[in-house]
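Have a look at start.cif below; it lists mmCIF, C-alpha atoms.
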data_start
#
loop_
_atom_site.label_atom_id
_atom_site.label_comp_id
_atom_site.auth_asym_id
_atom_site.auth_seq_id
_atom_site.Cartn_x
_atom_site.Cartn_y
_atom_site.Cartn_z
CA SER A 1 -185.86 28.77 -35.12
CA LEU A 2 -183.36 27.19 -32.77
CA PRO A 3 -183.68 27.85 -29.04
CA ASN A 4 -180.97 30.08 -27.66
CA PRO A 5 -178.87 28.64 -24.82
CA ASN A 6 -178.43 32.05 -23.20
CA PRO A 7 -181.28 33.53 -21.14
CA ASN A 8 -181.71 36.85 -22.91
CA PRO A 9 -178.98 37.23 -25.48
CA LYS A 10 -179.11 38.23 -29.06
CA PRO A 11 -178.94 34.97 -31.03
CA LYS A 12 -175.94 34.57 -33.27
CA PRO A 13 -177.16 34.78 -36.86
CA LYS A 14 -176.57 31.85 -39.15
CA PRO A 15 -173.63 32.78 -41.39
CA LYS A 16 -174.66 34.10 -44.77
CA PRO A 17 -173.45 32.20 -47.83
CA LYS A 18 -171.09 34.96 -48.81
CA PRO A 19 -169.58 37.97 -47.94
CA ASN A 20 -166.11 37.61 -46.76
CA PRO A 21 -163.70 39.35 -49.08
CA LYS A 22 -160.94 39.01 -46.48
CA PRO A 23 -158.20 36.41 -47.00
CA GLN A 24 -159.07 33.01 -45.60
CA THR A 25 -157.03 31.20 -42.95
CA PRO A 26 -154.14 29.18 -44.43
CA ASN A 27 -154.21 25.42 -44.13
CA PRO A 28 -151.48 23.31 -42.49
CA ASN A 29 -148.22 22.66 -44.29
CA PRO A 30 -147.77 19.63 -46.55
CA PRO A 31 -145.89 16.64 -45.08
CA ASP A 32 -142.40 18.06 -45.63
CA GLY A 33 -143.36 21.36 -43.98
CA THR A 34 -141.57 23.50 -46.57
CA THR A 35 -144.61 25.14 -48.20
CA LEU A 36 -147.66 26.97 -46.90
CA ALA A 37 -150.78 27.54 -49.00
CA SER A 38 -153.30 30.36 -48.54
CA GLY A 39 -156.61 31.00 -50.27
CA SER A 40 -158.00 34.50 -50.60
CA GLY A 41 -161.07 36.54 -51.40
CA ASP A 42 -159.12 37.97 -54.37
CA LYS A 43 -159.74 34.61 -56.15
CA SER A 44 -156.09 33.50 -55.95
CA ILE A 45 -154.06 30.91 -54.06
CA CYS A 46 -150.51 31.64 -52.95
CA LEU A 47 -147.77 29.14 -52.12
CA TRP A 48 -145.19 30.37 -49.63
CA ASP A 49 -141.71 29.22 -48.67
CA VAL A 50 -141.99 28.56 -44.93
CA LYS A 51 -138.27 29.09 -44.30
CA THR A 52 -137.85 32.41 -46.13
CA GLY A 53 -141.41 33.72 -46.00
CA GLN A 54 -141.24 34.46 -49.72
CA GLN A 55 -144.02 33.73 -52.20
CA LYS A 56 -143.14 30.74 -54.39
CA ALA A 57 -146.13 30.75 -56.73
CA LYS A 58 -149.52 32.29 -57.35
CA LEU A 59 -152.23 29.93 -58.59
CA GLU A 60 -154.98 31.61 -60.57
CA GLY A 61 -158.09 30.16 -62.16
CA HIS A 62 -161.00 30.57 -59.77
CA SER A 63 -163.55 33.22 -60.72
CA ASP A 64 -164.53 34.02 -57.12
CA GLY A 65 -163.09 33.94 -53.61
CA VAL A 66 -161.27 30.82 -52.40
CA ASN A 67 -162.69 29.41 -49.16
CA SER A 68 -160.52 26.36 -48.52
CA VAL A 69 -157.18 24.85 -49.52
CA ASN A 70 -155.81 21.46 -48.55
CA PHE A 71 -152.67 19.48 -49.44
CA SER A 72 -152.81 15.82 -50.41
CA PRO A 73 -151.09 13.51 -47.90
CA ASP A 74 -148.04 13.15 -50.16
CA GLY A 75 -147.81 16.91 -50.66
CA THR A 76 -147.82 16.79 -54.47
CA THR A 77 -151.37 18.07 -55.03
CA LEU A 78 -153.30 21.01 -53.62
CA ALA A 79 -157.11 21.09 -53.67
CA SER A 80 -159.05 24.35 -53.51
CA GLY A 81 -162.75 25.12 -53.05
CA SER A 82 -164.35 28.39 -54.07
CA TYR A 83 -167.46 30.55 -54.11
CA ASP A 84 -167.43 29.92 -57.90
CA ARG A 85 -168.85 26.43 -57.11
CA SER A 86 -165.77 24.62 -58.38
CA ILE A 87 -162.96 22.53 -56.93
CA ARG A 88 -159.55 22.68 -58.54
CA LEU A 89 -156.57 20.38 -58.18
CA TRP A 90 -153.12 21.92 -58.59
CA ASP A 91 -149.64 20.49 -59.13
CA VAL A 92 -147.67 21.86 -56.19
CA LYS A 93 -144.32 21.58 -57.97
CA THR A 94 -145.29 23.36 -61.21
CA GLY A 95 -148.21 25.49 -59.97
CA GLN A 96 -150.30 24.29 -62.89
CA GLN A 97 -153.96 23.28 -62.65
CA LYS A 98 -154.36 19.50 -62.96
CA ALA A 99 -158.15 19.26 -62.91
CA LYS A 100 -161.38 21.17 -62.35
CA LEU A 101 -164.16 19.36 -60.53
CA ASP A 102 -167.61 20.72 -61.37
CA GLY A 103 -170.99 19.58 -60.12
CA GLN A 104 -171.61 21.60 -56.97
CA SER A 105 -174.86 23.57 -56.94
CA SER A 106 -173.51 26.15 -54.52
CA ALA A 107 -170.32 27.61 -53.08
CA VAL A 108 -167.68 25.12 -51.89
CA TYR A 109 -166.74 25.85 -48.29
CA SER A 110 -164.20 23.13 -47.56
CA VAL A 111 -162.17 20.39 -49.24
CA ASN A 112 -160.57 17.47 -47.38
CA PHE A 113 -158.36 14.64 -48.65
CA SER A 114 -158.75 11.12 -47.32
CA PRO A 115 -155.63 9.78 -45.53
CA ASP A 116 -154.57 7.77 -48.60
CA GLY A 117 -155.14 10.73 -50.93
CA THR A 118 -157.49 8.89 -53.29
CA THR A 119 -160.73 10.59 -52.22
CA LEU A 120 -161.67 14.22 -51.74
CA ALA A 121 -164.67 15.32 -49.66
CA SER A 122 -166.28 18.68 -50.37
CA ARG A 123 -168.77 20.61 -48.26
CA THR A 124 -171.12 23.19 -49.78
CA SER A 125 -173.83 25.52 -48.50
CA ASN A 126 -176.53 22.94 -49.19
CA ASN A 127 -177.13 19.93 -46.96
CA SER A 128 -175.01 17.36 -48.80
CA ILE A 129 -171.39 16.21 -48.99
CA LEU A 130 -169.72 15.11 -52.21
CA LEU A 131 -166.97 12.51 -52.52
CA TRP A 132 -164.61 12.72 -55.51
CA ASP A 133 -162.13 10.32 -57.10
CA VAL A 134 -158.89 12.32 -57.11
CA LYS A 135 -157.36 10.32 -59.95
CA THR A 136 -160.27 10.64 -62.41
CA GLY A 137 -161.86 13.83 -61.11
CA GLN A 138 -165.25 12.11 -61.14
CA GLN A 139 -167.86 12.30 -58.41
CA LYS A 140 -167.98 9.02 -56.48
CA ALA A 141 -170.89 9.64 -54.15
CA LYS A 142 -173.32 12.22 -52.81
CA LEU A 143 -173.94 11.88 -49.08
CA GLU A 144 -177.44 13.02 -48.20
CA GLY A 145 -179.25 12.89 -44.87
CA HIS A 146 -178.63 16.15 -43.05
CA SER A 147 -181.63 18.47 -42.94
CA ASP A 148 -179.54 21.66 -42.73
CA SER A 149 -176.12 22.96 -43.78
CA VAL A 150 -173.03 20.88 -43.01
CA ASN A 151 -170.44 22.76 -40.96
CA SER A 152 -167.60 20.28 -40.63
CA VAL A 153 -166.32 17.01 -42.17
CA ASN A 154 -163.44 14.82 -41.08
CA PHE A 155 -162.03 11.49 -42.31
CA SER A 156 -161.17 8.74 -39.86
CA PRO A 157 -157.43 7.90 -39.73
CA ASP A 158 -157.97 4.69 -41.74
CA GLY A 159 -160.05 6.56 -44.34
CA THR A 160 -163.03 4.22 -44.15
CA THR A 161 -165.38 6.61 -42.34
CA LEU A 162 -166.31 10.26 -42.81
CA ALA A 163 -167.87 12.22 -39.95
CA SER A 164 -170.03 15.30 -40.53
CA GLY A 165 -171.49 17.88 -38.16
CA SER A 166 -174.44 20.05 -39.11
CA TYR A 167 -176.77 22.91 -38.25
CA ASP A 168 -179.42 20.21 -37.82
CA ARG A 169 -177.70 19.45 -34.47
CA SER A 170 -176.68 15.94 -35.53
CA ILE A 171 -173.43 14.16 -36.34
CA ARG A 172 -173.43 11.49 -39.01
CA LEU A 173 -170.92 8.77 -39.82
CA TRP A 174 -170.64 7.68 -43.45
CA ASP A 175 -169.11 4.64 -45.13
CA VAL A 176 -166.62 6.18 -47.59
CA LYS A 177 -166.63 3.13 -49.86
CA THR A 178 -170.42 2.79 -50.25
CA GLY A 179 -171.53 6.34 -49.48
CA GLN A 180 -174.10 4.98 -47.04
CA GLN A 181 -174.84 6.43 -43.62
CA LYS A 182 -173.49 4.20 -40.85
CA ALA A 183 -174.76 6.07 -37.81
CA LYS A 184 -176.48 9.22 -36.58
CA LEU A 185 -175.19 10.66 -33.31
CA ASP A 186 -177.71 12.80 -31.42
CA GLY A 187 -177.11 14.67 -28.20
CA HIS A 188 -176.22 18.26 -28.97
CA SER A 189 -179.05 20.74 -28.43
CA GLN A 190 -177.65 23.27 -30.88
CA PRO A 191 -175.77 23.24 -34.23
CA VAL A 192 -172.57 21.20 -34.40
CA TYR A 193 -169.63 23.29 -35.62
CA SER A 194 -166.67 20.91 -35.51
CA VAL A 195 -165.97 17.15 -35.60
CA ASN A 196 -162.57 15.49 -35.25
CA PHE A 197 -161.39 11.87 -34.95
CA SER A 198 -158.82 10.77 -32.40
CA PRO A 199 -155.56 9.46 -33.94
CA ASP A 200 -156.55 5.84 -33.26
CA GLY A 201 -160.00 6.39 -34.79
CA THR A 202 -161.92 5.05 -31.79
CA THR A 203 -163.23 8.38 -30.51
CA LEU A 204 -164.92 11.33 -32.21
CA ALA A 205 -164.96 14.77 -30.62
CA SER A 206 -167.63 17.35 -31.44
CA GLY A 207 -168.01 21.03 -30.57
CA SER A 208 -171.33 22.85 -30.62
CA TYR A 209 -173.19 26.12 -30.23
CA ASP A 210 -174.65 24.61 -27.06
CA ARG A 211 -171.24 25.39 -25.48
CA SER A 212 -170.37 21.73 -24.91
CA ILE A 213 -167.85 19.25 -26.29
CA ARG A 214 -168.86 15.63 -26.57
CA LEU A 215 -166.76 12.53 -27.01
CA TRP A 216 -168.34 9.64 -28.90
CA ASP A 217 -167.50 5.95 -29.21
CA VAL A 218 -167.12 5.51 -32.98
CA LYS A 219 -167.85 1.78 -32.88
CA THR A 220 -171.10 1.98 -30.91
CA GLY A 221 -172.18 5.53 -31.72
CA GLN A 222 -172.77 6.16 -28.04
CA GLN A 223 -171.73 9.31 -26.19
CA LYS A 224 -168.79 8.61 -23.89
CA THR A 225 -168.66 11.92 -22.05
CA LYS A 226 -169.62 15.60 -22.14
CA LEU A 227 -167.03 18.31 -21.48
CA ASP A 228 -168.38 21.56 -20.07
CA GLY A 229 -166.42 24.72 -19.36
CA HIS A 230 -166.78 27.09 -22.29
CA SER A 231 -169.21 29.97 -21.82
CA ASP A 232 -170.06 30.31 -25.50
CA CYS A 233 -170.21 28.36 -28.75
CA VAL A 234 -167.38 25.84 -29.35
CA ASN A 235 -166.06 26.43 -32.88
CA SER A 236 -163.21 23.97 -33.13
CA VAL A 237 -161.95 20.73 -31.56
CA SER A 238 -158.69 18.93 -32.34
CA PHE A 239 -156.78 16.01 -30.83
CA SER A 240 -153.06 16.07 -30.12
CA PRO A 241 -151.01 13.63 -32.26
CA ASP A 242 -150.76 11.15 -29.36
CA GLY A 243 -154.50 11.38 -28.67
CA THR A 244 -154.11 12.20 -24.99
CA THR A 245 -155.15 15.85 -25.20
CA LEU A 246 -158.06 17.61 -26.87
CA ALA A 247 -157.90 21.32 -27.70
CA SER A 248 -161.04 23.40 -28.09
CA GLY A 249 -161.59 26.95 -29.32
CA SER A 250 -164.66 29.03 -28.57
CA TYR A 251 -166.53 32.27 -29.13
CA ASP A 252 -165.73 32.99 -25.47
CA ARG A 253 -162.25 33.90 -26.76
CA SER A 254 -160.52 31.05 -24.95
CA ILE A 255 -158.71 27.89 -25.95
CA ARG A 256 -158.97 25.00 -23.54
CA LEU A 257 -156.93 21.82 -23.24
CA TRP A 258 -158.62 18.66 -21.97
CA ASP A 259 -157.14 15.42 -20.67
CA VAL A 260 -158.97 12.86 -22.82
CA LYS A 261 -158.59 10.03 -20.30
CA SER A 262 -159.76 11.90 -17.22
CA THR A 263 -161.95 14.35 -19.24
CA LYS A 264 -160.70 17.13 -16.98
CA GLY A 265 -159.47 20.49 -18.18
CA ILE A 266 -155.71 21.02 -18.13
CA LEU A 267 -155.09 24.21 -16.15
CA PRO A 268 -158.70 25.29 -16.70
CA LYS A 269 -159.80 28.87 -16.26
CA GLU A 270 -161.64 27.80 -13.12
CA LEU A 271 -158.30 27.09 -11.41
CA CYS A 272 -158.84 29.72 -8.75
CA HIS A 273 -155.90 31.81 -7.63
CA ASN A 274 -156.94 31.17 -4.04
CA ASP A 275 -156.39 27.42 -4.54
CA LEU A 276 -152.98 28.07 -6.07
CA LEU A 277 -151.89 30.38 -3.27
CA ALA A 278 -153.32 28.03 -0.67
CA SER A 279 -151.20 25.21 -2.09
CA LEU A 280 -148.18 27.43 -1.45
CA ASN A 281 -149.36 28.25 2.08
CA MET A 282 -149.37 31.92 1.17
CA PRO A 283 -151.89 34.45 2.55
CA HIS A 284 -154.21 36.02 -0.01
CA GLN A 285 -153.88 39.64 1.09
CA SER A 286 -150.31 39.77 2.31
CA PRO A 287 -147.39 40.24 2.05
CA SER A 288 -147.65 43.76 0.77
CA ASN A 289 -146.44 42.84 -2.70
CA GLN A 290 -149.69 40.90 -3.28
CA GLN A 291 -152.11 43.60 -2.21
CA ASN A 292 -152.59 45.06 -5.69
CA VAL A 293 -152.47 41.82 -7.64
CA LYS A 294 -155.31 41.29 -10.11
CA TYR A 295 -156.19 37.61 -10.43
CA ASP A 296 -158.29 37.72 -13.59
CA ARG A 297 -155.30 37.96 -15.94
CA THR A 298 -155.20 34.83 -18.12
CA ILE A 299 -152.92 36.21 -20.84
CA PHE A 300 -149.76 38.21 -20.25
CA ARG A 301 -148.61 40.34 -23.17
CA ILE A 302 -145.02 41.45 -23.47
CA CYS A 303 -144.91 44.71 -25.41
CA GLN A 304 -142.58 47.63 -25.87
CA ASN A 305 -143.90 49.22 -22.69
CA PRO A 306 -144.13 46.49 -19.99
CA ILE A 307 -145.88 48.91 -17.64
CA LEU A 308 -149.04 48.55 -19.74
CA GLU A 309 -149.54 44.91 -18.74
CA ALA A 310 -147.19 44.30 -15.82
CA GLU A 311 -149.00 46.31 -13.17
CA GLY A 312 -150.87 43.94 -10.89
CA ALA A 313 -150.17 40.79 -12.92
CA LEU A 314 -149.94 37.44 -11.15
CA ILE A 315 -147.50 35.42 -13.26
CA PHE A 316 -147.54 31.63 -12.85
CA GLU A 317 -144.33 30.86 -14.75
CA GLY A 318 -142.53 31.63 -18.00
CA GLU A 319 -139.28 32.44 -19.75
CA LEU A 320 -139.27 36.16 -19.14
CA ILE A 321 -136.44 37.25 -21.42
CA ASP A 322 -136.66 39.90 -24.13
CA TYR A 323 -135.21 39.70 -27.63
CA LYS A 324 -131.88 41.12 -26.43
CA GLY A 325 -131.53 38.43 -23.80
CA TYR A 326 -132.30 40.63 -20.80
CA ASP A 327 -134.09 38.98 -17.88
CA LEU A 328 -137.32 40.91 -17.30
CA ARG A 329 -138.15 39.49 -13.87
CA SER A 330 -136.70 42.38 -11.90
CA LEU A 331 -138.43 44.91 -14.12
CA LEU A 332 -141.78 43.14 -13.89
CA LYS A 333 -141.52 42.84 -10.12
CA SER A 334 -140.67 46.52 -9.85
CA LYS A 335 -143.79 47.36 -11.83
CA GLY A 336 -146.10 45.43 -9.55
CA SER A 337 -146.06 41.86 -10.87
CA PHE A 338 -145.93 38.85 -8.56
CA ILE A 339 -144.12 35.76 -9.95
CA LEU A 340 -145.07 32.41 -8.44
CA GLU A 341 -142.54 30.22 -10.25
CA ASN A 342 -139.86 30.50 -7.56
CA GLU A 343 -142.42 29.84 -4.83
CA LEU A 344 -143.57 26.69 -6.64
CA LYS A 345 -139.99 25.42 -7.06
CA GLN A 346 -139.27 26.00 -3.36
CA LYS A 347 -142.39 24.06 -2.43
CA GLU A 348 -141.41 21.16 -4.71
CA ASN A 349 -137.98 21.02 -3.07
#

Please lay out the structure from this file as structure tokens.
Amino acid sequence: SLPNPNPNPKPKPKPKPKPNPKPQTPNPNPPDGTTLASGSGDKSICLWDVKTGQQKAKLEGHSDGVNSVNFSPDGTTLASGSYDRSIRLWDVKTGQQKAKLDGQSSAVYSVNFSPDGTTLASRTSNNSILLWDVKTGQQKAKLEGHSDSVNSVNFSPDGTTLASGSYDRSIRLWDVKTGQQKAKLDGHSQPVYSVNFSPDGTTLASGSYDRSIRLWDVKTGQQKTKLDGHSDCVNSVSFSPDGTTLASGSYDRSIRLWDVKSTKGILPKELCHNDLLASLNMPHQSPSNQQNVKYDRTIFRICQNPILEAEGALIFEGELIDYKGYDLRSLLKSKGSFILENELKQKEN
């Protein structure tokens, strides 16, 4: 069994191969952004018109729940992976099935197209990754090496390398053309849940149950840096399109943004309110309108009854206007909120 990073917590159980009848999270839009695809536990795939919100088509054929859907780079083909152990390729325009890829020995948990759309990578509940020729529907390679289930796969921007993160705590880099392992990246002390290449392909980010994020030099396979800040397992990491920012999501219910160059958090949770107020030369306990401020609010919800969340909120900045166009600042202040935006602007001037 894997050591638990927390002193005396209940360990998180390894996910069971099945039982999620709930609809799965939709994948990103195809290149033109007009259509959204969603896969569901009801065995179907739905295509939606992003502009109108209306269903355009319902793709049926799988005999069990659909775990993953992914558009080809040109947006003409949709791939789907299912608990029924099959992968299906669909014509986005007609909604018809183009091909069925069989050969998996267990449920298919994710499908990913290479950047040029010629190769599809599939991840199952066993320890291997399969590469498929999209044009012929034939299996090109079986990538074996992990000693436990694979949690995440990601193609490099140029499509030559595939990265995989596993429960075996390792990250592996594979040559897409030959199917051979190029490197094994060790460093995480717990299962690796997410791997993602930077847009230029030089850096790989990984998130783990050990609560850390690591940045790796793809060329050398060496760890460049370790980002700490999350208080629980890191489930997802993703680079911004320009590669300057890394986003991370965690079991600790937070999303963090990191400056890739400085490896510092952008407005991290640890940014203490005392430091912020000190920068404004404002006392912590006075004036009187600060006495009841609660500084642990990281999310401010605007609801039908502002009193529910406004009392004692310290608001950094924001566009505080409701759907009718009314400015809510006066109301929020009257209910006990303290808004720092004006103070910050005065300081800047």

So how many Å separate CA of Ser147 (chain A) and CA of Thr161 (chain A), to one decimal?
-> 20.1 Å

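For the choices A:Lys324, A:Lys135, A:Lys219, A:Lys100, the atom-to-atom distance to Lys182 (chain A) is smallest for A:Lys219 when using all atoms listed in the file.
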
Report the residues retrieved by the PyMOL selection byres ((chain A and resi 37) around 12) from the displayed file, expressed as an MDAnalysis selection string.
-> chainID A and resid 23:30 33:36 38:40 44:50 53:59 66 68:72 75 77:80 90 92 95

For the structure provided, state which residues fall under the PyMOL selection byres ((chain A and resi 165-170) around 12), and present them as a ChimeraX atom specification.
-> /A:1-3,13-15,123-129,144-154,162-164,171-174,183-196,204-210,214,221,235-237

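Every protein, DNA or RNA residue with an atom at most 7 Å from His230 (chain A), where all atoms listed in the file count and chain neighbours fewer than 3 positions away do not, is listed here: A:Arg211, A:Ser212, A:Ser250, A:Asp252.
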
Next, dump the selected residues to file, keeping only C-alpha atoms, as a short mmCIF file (atom, residue, chain, number, x, y, z; two decimals), in the frame of the given file.
data_model
loop_
_atom_site.label_atom_id
_atom_site.label_comp_id
_atom_site.auth_asym_id
_atom_site.auth_seq_id
_atom_site.Cartn_x
_atom_site.Cartn_y
_atom_site.Cartn_z
CA ARG A 211 -171.24 25.39 -25.48
CA SER A 212 -170.37 21.73 -24.91
CA SER A 250 -164.66 29.03 -28.57
CA ASP A 252 -165.73 32.99 -25.47
#

Interatomic distance between CA of Gly159 (chain A) and CA of Pro115 (chain A)?
-> 5.6 Å

Apply the PyMOL selection byres ((chain A and resi 86) around 9) to the structure shown and report the selected residues as JSON, numbers by chain.
-> {"A": [62, 80, 81, 82, 83, 84, 85, 87, 88, 100, 101, 102, 103, 104, 106, 107, 108]}

One-decimal distance in Å that lies between CA of Leu227 (chain A) and CA of Ile213 (chain A) = 5.0 Å

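Distances to Thr263 (chain A) were evaluated for A:Val176, A:Val234, A:Lys226, A:Gly243 using only C-alpha atoms, and the minimum falls at A:Lys226.
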